[in-house]
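Trainee: Mind looking over this structure? Questions follow.
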2 protein chains.
Amino acid sequence: MKVFILGGDGFCGWPTSLHLSNLGHDITILDNLSRRNIDNELEAGSLTPITPMGTRLKAWHEQSGRTINFVNINVAEEYDRLLQLIKDEQPDSIVHFAEQRAAPYSMKSSAHKRYTVDNNLNATHNTLAAIVESGLDIHLTHLGTMGVYGYGTAGMKIPEGYLPIEVTTDDGDKVQQEILYPANPGSIYHMTKTQDQLFFAYYAKNDHLRITDLHQGIVWGTNTQETNSDERLINRFDYDGDYGTVLNRFLMQAAVDYPLTVHGTGGQTRAFIHIQDTVRCIQLAIENPPTRGERVKILNQMTETHRIRDLAQIVARIANAEVANVPNPRNEDAENDLHVKNDLFLDLGLNPTTLEEGLLEEVTQIARKYKDRADKNKIPATSTWTQKQKPGIPDA
Amino acid sequence: MKVFILGGDGFCGWPTSLHLSNLGHDITILDNLSRRNIDNELEAGSLTPITPMGTRLKAWHEQSGRTINFVNINVAEEYDRLLQLIKDEQPDSIVHFAEQRAAPYSMKSSAHKRYTVDNNLNATHNTLAAIVESGLDIHLTHLGTMGVYGYGTAGMKIPEGYLPIEVTTDDGDKVQQEILYPANPGSIYHMTKTQDQLFFAYYAKNDHLRITDLHQGIVWGTNTQETNSDERLINRFDYDGDYGTVLNRFLMQAAVDYPLTVHGTGGQTRAFIHIQDTVRCIQLAIENPPTRGERVKILNQMTETHRIRDLAQIVARIANAEVANVPNPRNEDAENDLHVKNDLFLDLGLNPTTLEEGLLEEVTQIARKYKDRADKNKIPATSTWTQKQKPGIPDA
């Protein structure tokens with residue numbers, strides 16, 4: 001299958017590109033290297049020593065004998081080039097990771113809010129408009145987030161995208177309907193993903209585009225089978241306050257003897273998935289597209305849920321670290337429960353990597369191995385949701 | 001009250017600016033004249049001879065003794081200027097009309113889809129981000145559309161923005177919730193308004209902005225008390241296939257002996273409001289803002305519903321015209337019922353102008369008076385929703 005990977009240089013996009021290439025798919029990465037440029041802006045980099053795209057692709061060819069193509073393009077801005085690439089290459093499938101993906105980054109300032117909105121919405125919409133204009137029947141798979149659901153679920157397992165409801169007509173009759181799960185995003189970043197959903201629903205309805213939206217949990221771990229095969233293929237590991245996802249941040253904090261910073265009470269419950277399972281899910285998604293005319297296919301891409309304070313305790317025990325409760329820089333409920341359905345991927349054959357089996361390896365193979373590359377000053381989460389919140393910095 | 005009118009040069013924005021000025025409010029119009037520029041692009045203009053902004057403001061000052069300020073600015077692009085204006089002038093209220101507002105225009109091509117998405121979403125988001133960054137407690141009133149609801153209502157009157165639903169928990173308990181009415185937009189234009197709703201919900205939740213969203217029906221009529229007071233203050237009247245709203249289009253078609261083009265069976269039911277009531281509703285909205293911390297206040301801004309084929313019959317009878325059923329260029333249900341609640345504005349004192357009393361005046365005072373300015377070639381709706389639909393052109 002010919003596959004375009006939009007955002008194929010990023011944390012999820014890169015291992016996905018390798019995984020699909022390894023399976024024999026013909027991969028073209030479209031990326032403007034924005035994630036590396038944001039590293040420059042934030043003066044923070046990947047804990048792991050990622051190599052330039054040219055080196056990555058050369059190493060992959062040497063390792064596997066396979067070729068991945070790369071086009072440096074900003075899909076949010078360069079519509080005409082995007083359309084021409086689609087017309088010329090006629091991909092069967094497009095996987096869309098080309099969005100700014102960090103909630104704290106999206107809340108840093110008005111400029112960051114505006115960049116996130118402008119980039120994410122135009123990237124998604126340009127892709128949809130280009131598929132329609134090309135006239136090709138291309139399956140689009142998008143990386144969404146569990147965060148579209150919000151975290152108040154009224155004692156109900158979060159379904160996969162659609163919610164059965166009952167409404168009362170003016171005659172007093174009860175009518176059953178199934179609706180897109182009501183959006184309740186927790187940041188500007190998450191908000192753009194709820195707006196993406198409306199793009200998808202419209203283009204599936206009006207133009208019968210085939211679209212899969214994956215509502216992914218928080219990704220942890222670093223490497224996959226393919227990125228592990230050569231040091232030059234290593235994946236990003238972000239530990240800074242803006243891009244470091246909570247579990248990876250804890251692992252790195254433990255490695256450098258920095259207290260594990262738990263925001264507020266740590267009563268937030270979140271969904272998680274290992275990066276190895278992410279790439280498998282995307283494989284399953286592109287191998288099982290919806291049919292033309294079907295509504296958007298939504299799958300919850302997560303494998304387990306944990307309360308943040310419990311995660312901190314697990315990491316503290318494994319790595320012999322301290323836990324520090326710090327102010328929560330986010331504007332959110334202190335405590336929440338979360339129950340999520342993920343039957344669709346399990347039914348397709350996903351066999352999850354559990355936290356229990358993978359965590360120790362991350363501590364030793366990544367966090368401890370590369371700890372000297374870390375800048376401790378970049379660890380605290382300093383981006384606050386409003387002026388009322390305080391940065392997540394431990395007491396001195 | 002100091003009020004910014006974003007998009008104050010347009011069909012709704014201009015009469016609103018005059019109406020609020022006449023009531024003694026201190027009005028500043030922010031507009032990039034995009035609507036006039038689109039006239040140039042489409043080679044179609046207002047049936048009525050609108051004057052340049054400078055002439056409009058001079059005439060208003062001569063008529064009323066009042067001054068309206070004007071700033072030529074693109075709020076979707078010039079964030080820093082917008083923020084500075086807000087900081088300098090400290091408006092109490094901002095009314096936001098600064099969006100591309102025609103469904104057919106939004107469907108003409110990929111470029112038009114992309115312009116509508118980029119302009120509308122960035123205009124709304126820049127305004128919200130600037131209010132937050134200013135630190136001022138400014139009430140934002142936005143012109144939304146009835147089209148966010150879609151037109152399938154399961155035998156239920158469409159509520160004002162929020163839908164009470166019942167969901168079943170995993171324990172089998174029934175839980176009542178109130179959700180944003182599930183979006184079901186009928187065009188790219190309408191879709192952007194459903195995405196605007198998610199902006200508003202987020203900023204009301206996270207930043208406690210005070211926001212009113214007006215879900216307006218199709219506006220008909222041309223002038224208000226103020227635009228009627230001097231020929232130089234006359235409002236736009238669009239009759240072309242992209243911008244002409246259905247009733248105004250019928251009126252003009254009757255005046256120039258062109259058959260009234262009914263799309264498909266004309267079984268579509270739509271909500272309507274007279275432009276005089278639009279400006280009154282906006283007055284009522286800015287005089288009755290939500291309190292800080294309250295959810296977005298949503299009102300249905302419409303006064304009656306009609307089936308399109310019935311409207312055509314009414315106009316045909318009044319103006320002695322022919323009706324022609326033409327292909328429907330839109331991708332929509334052929335027939336729908338529509339029942340809408342509009343109690344909130346009626347409770348605030350709105351006294352609607354009915355179609356019955358206002359229609360004949362429009363025919364004689366506007367459509368017949370200016371009919372020689374019309375270009376008949378611009379009348380048909382040529383923008384089709386997909387390649388399957390055909391333009392709404394009568395047989396020769």
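Residue names in the structure tokens use chain letters A, B, ... in the order shown, residue numbers from 1 in each chain, and ligand numbers from 1 in the order shown.
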Can you list, as a ChimeraX atom specification, every protein, DNA or RNA residue that comes within 12 Å of region 334-337 of chain B when you count only C-alpha atoms, leaving out same-chain residues fewer than 3 positions away?

Mentor: /B:150-158,262-271,305-309,327-331,340

Trainee: Would you save the residues from that selection as a CSV table (one decimal), in the first residue's frame, using N, CA and C atoms?

Mentor:
```
chain,number,residue,atom,x,y,z
B,150,GLY,N,-28.4,21.6,12.1
B,150,GLY,CA,-28.9,20.6,11.1
B,150,GLY,C,-30.4,20.7,11.0
B,151,TYR,N,-31.0,19.9,10.2
B,151,TYR,CA,-32.4,20.0,9.9
B,151,TYR,C,-33.2,18.7,10.2
B,152,GLY,N,-32.6,17.8,11.0
B,152,GLY,CA,-33.3,16.6,11.4
B,152,GLY,C,-33.5,16.7,12.9
B,153,THR,N,-34.8,16.9,13.3
B,153,THR,CA,-35.0,17.2,14.8
B,153,THR,C,-35.8,16.2,15.5
B,154,ALA,N,-36.1,15.0,14.9
B,154,ALA,CA,-36.7,13.9,15.6
B,154,ALA,C,-38.0,14.3,16.2
B,155,GLY,N,-38.8,15.2,15.6
B,155,GLY,CA,-40.1,15.6,16.1
B,155,GLY,C,-40.0,16.5,17.3
B,156,MET,N,-38.9,17.2,17.5
B,156,MET,CA,-38.7,17.9,18.7
B,156,MET,C,-38.4,19.4,18.3
B,157,LYS,N,-39.0,20.3,19.1
B,157,LYS,CA,-38.6,21.7,18.8
B,157,LYS,C,-37.1,21.9,19.1
B,158,ILE,N,-36.4,22.6,18.3
B,158,ILE,CA,-35.0,22.8,18.5
B,158,ILE,C,-34.9,23.8,19.7
B,262,VAL,N,-36.7,27.5,-7.5
B,262,VAL,CA,-36.8,26.7,-6.3
B,262,VAL,C,-35.9,25.4,-6.4
B,263,HIS,N,-35.0,25.2,-5.5
B,263,HIS,CA,-34.1,24.1,-5.6
B,263,HIS,C,-34.8,22.8,-5.2
B,264,GLY,N,-34.8,21.9,-6.1
B,264,GLY,CA,-35.4,20.6,-5.9
B,264,GLY,C,-36.9,20.7,-5.7
B,265,THR,N,-37.5,20.1,-4.7
B,265,THR,CA,-38.9,20.1,-4.5
B,265,THR,C,-39.3,21.4,-3.8
B,266,GLY,N,-38.3,22.1,-3.2
B,266,GLY,CA,-38.6,23.2,-2.3
B,266,GLY,C,-39.2,22.8,-1.0
B,267,GLY,N,-39.0,21.5,-0.7
B,267,GLY,CA,-39.5,21.0,0.6
B,267,GLY,C,-38.7,21.3,1.8
B,268,GLN,N,-37.6,22.1,1.6
B,268,GLN,CA,-36.7,22.5,2.7
B,268,GLN,C,-37.5,23.5,3.6
B,269,THR,N,-37.5,23.3,4.9
B,269,THR,CA,-38.1,24.3,5.8
B,269,THR,C,-36.9,25.0,6.5
B,270,ARG,N,-37.0,26.3,6.5
B,270,ARG,CA,-36.0,27.2,7.0
B,270,ARG,C,-36.5,28.2,8.0
B,271,ALA,N,-35.7,28.8,8.8
B,271,ALA,CA,-36.1,29.8,9.7
B,271,ALA,C,-35.7,31.2,9.2
B,305,THR,N,-40.8,30.2,10.6
B,305,THR,CA,-40.2,29.2,9.7
B,305,THR,C,-41.2,29.0,8.5
B,306,HIS,N,-40.6,28.7,7.4
B,306,HIS,CA,-41.4,28.5,6.1
B,306,HIS,C,-40.7,27.4,5.3
B,307,ARG,N,-41.6,26.7,4.5
B,307,ARG,CA,-41.1,25.8,3.5
B,307,ARG,C,-40.8,26.6,2.3
B,308,ILE,N,-39.7,26.3,1.6
B,308,ILE,CA,-39.2,27.2,0.5
B,308,ILE,C,-40.3,27.2,-0.6
B,309,ARG,N,-40.9,26.1,-0.9
B,309,ARG,CA,-41.9,26.2,-2.0
B,309,ARG,C,-43.1,27.1,-1.7
B,327,PRO,N,-32.6,22.0,-10.5
B,327,PRO,CA,-31.9,21.0,-9.7
B,327,PRO,C,-31.4,21.7,-8.4
B,328,ASN,N,-31.3,20.9,-7.3
B,328,ASN,CA,-30.7,21.5,-6.1
B,328,ASN,C,-29.2,21.3,-6.1
B,329,PRO,N,-28.5,22.5,-6.1
B,329,PRO,CA,-27.0,22.4,-6.1
B,329,PRO,C,-26.5,21.9,-4.8
B,330,ARG,N,-27.3,21.9,-3.7
B,330,ARG,CA,-26.8,21.5,-2.4
B,330,ARG,C,-27.0,20.0,-2.2
B,331,ASN,N,-26.2,19.5,-1.3
B,331,ASN,CA,-26.3,18.1,-0.9
B,331,ASN,C,-27.0,18.1,0.4
B,340,VAL,N,-38.7,25.5,16.0
B,340,VAL,CA,-37.6,26.2,16.7
B,340,VAL,C,-38.2,26.9,17.9
```

Trainee: Run DSSP on the backbone and grab whatever in region 5-227 of chain B lands in alpha helix (DSSP H); send it over as a ChimeraX atom specification.

Mentor: /B:13-22,34-42,53-64,79-89,103-106,110-134,188-207

Trainee: For a quick check of understanding, using only C-alpha atoms, which of A:Ser106, A:Asn325, A:Thr67, A:Gln365 has the smallest distance to chain B?

Mentor: A:Ser106

Trainee: Once you count only C-alpha atoms, which residues of chain B turn out to be within 6 Å of chain A? Could you give them as a PDB file with N, CA and C atoms, in the first residue's frame?

Mentor:
```pdb
ATOM      1  N   SER B 110     -11.963  24.380  -3.735  1.00  0.00           N
ATOM      2  CA  SER B 110     -11.083  24.156  -2.580  1.00  0.00           C
ATOM      3  C   SER B 110     -10.590  25.479  -2.016  1.00  0.00           C
ATOM      4  N   ALA B 129      -8.653  35.200  21.947  1.00  0.00           N
ATOM      5  CA  ALA B 129      -7.309  35.256  22.547  1.00  0.00           C
ATOM      6  C   ALA B 129      -6.960  36.689  22.943  1.00  0.00           C
ATOM      7  N   GLY B 155     -38.764  15.209  15.572  1.00  0.00           N
ATOM      8  CA  GLY B 155     -40.073  15.591  16.117  1.00  0.00           C
ATOM      9  C   GLY B 155     -40.002  16.482  17.336  1.00  0.00           C
ATOM     10  N   MET B 156     -38.871  17.156  17.506  1.00  0.00           N
ATOM     11  CA  MET B 156     -38.665  17.945  18.706  1.00  0.00           C
ATOM     12  C   MET B 156     -38.368  19.382  18.329  1.00  0.00           C
ATOM     13  N   ILE B 165     -30.433  15.485  27.611  1.00  0.00           N
ATOM     14  CA  ILE B 165     -30.387  14.090  27.174  1.00  0.00           C
ATOM     15  C   ILE B 165     -30.373  13.166  28.385  1.00  0.00           C
ATOM     16  N   GLU B 166     -30.595  11.900  28.086  1.00  0.00           N
ATOM     17  CA  GLU B 166     -30.531  10.895  29.136  1.00  0.00           C
ATOM     18  C   GLU B 166     -29.547   9.833  28.677  1.00  0.00           C
ATOM     19  N   VAL B 167     -28.581   9.505  29.524  1.00  0.00           N
ATOM     20  CA  VAL B 167     -27.655   8.423  29.188  1.00  0.00           C
ATOM     21  C   VAL B 167     -27.750   7.362  30.281  1.00  0.00           C
ATOM     22  N   THR B 169     -25.862   4.647  32.624  1.00  0.00           N
ATOM     23  CA  THR B 169     -24.542   4.327  33.178  1.00  0.00           C
ATOM     24  C   THR B 169     -24.292   2.825  33.095  1.00  0.00           C
ATOM     25  N   ASP B 170     -23.058   2.429  33.417  1.00  0.00           N
ATOM     26  CA  ASP B 170     -22.715   1.007  33.382  1.00  0.00           C
ATOM     27  C   ASP B 170     -23.499   0.212  34.417  1.00  0.00           C
ATOM     28  N   GLN B 195     -17.698  24.868  14.659  1.00  0.00           N
ATOM     29  CA  GLN B 195     -16.366  24.866  15.280  1.00  0.00           C
ATOM     30  C   GLN B 195     -16.190  26.096  16.174  1.00  0.00           C
TER      31      GLN B 195
END
```

Trainee: Tell me which of A:Asp372, A:Glu89, A:Asp31, A:Asp333 sits closest to Ser134 (chain A), counting only C-alpha atoms.

Mentor: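 Distance minimum relative to Ser134 (chain A) lands on A:Glu89.
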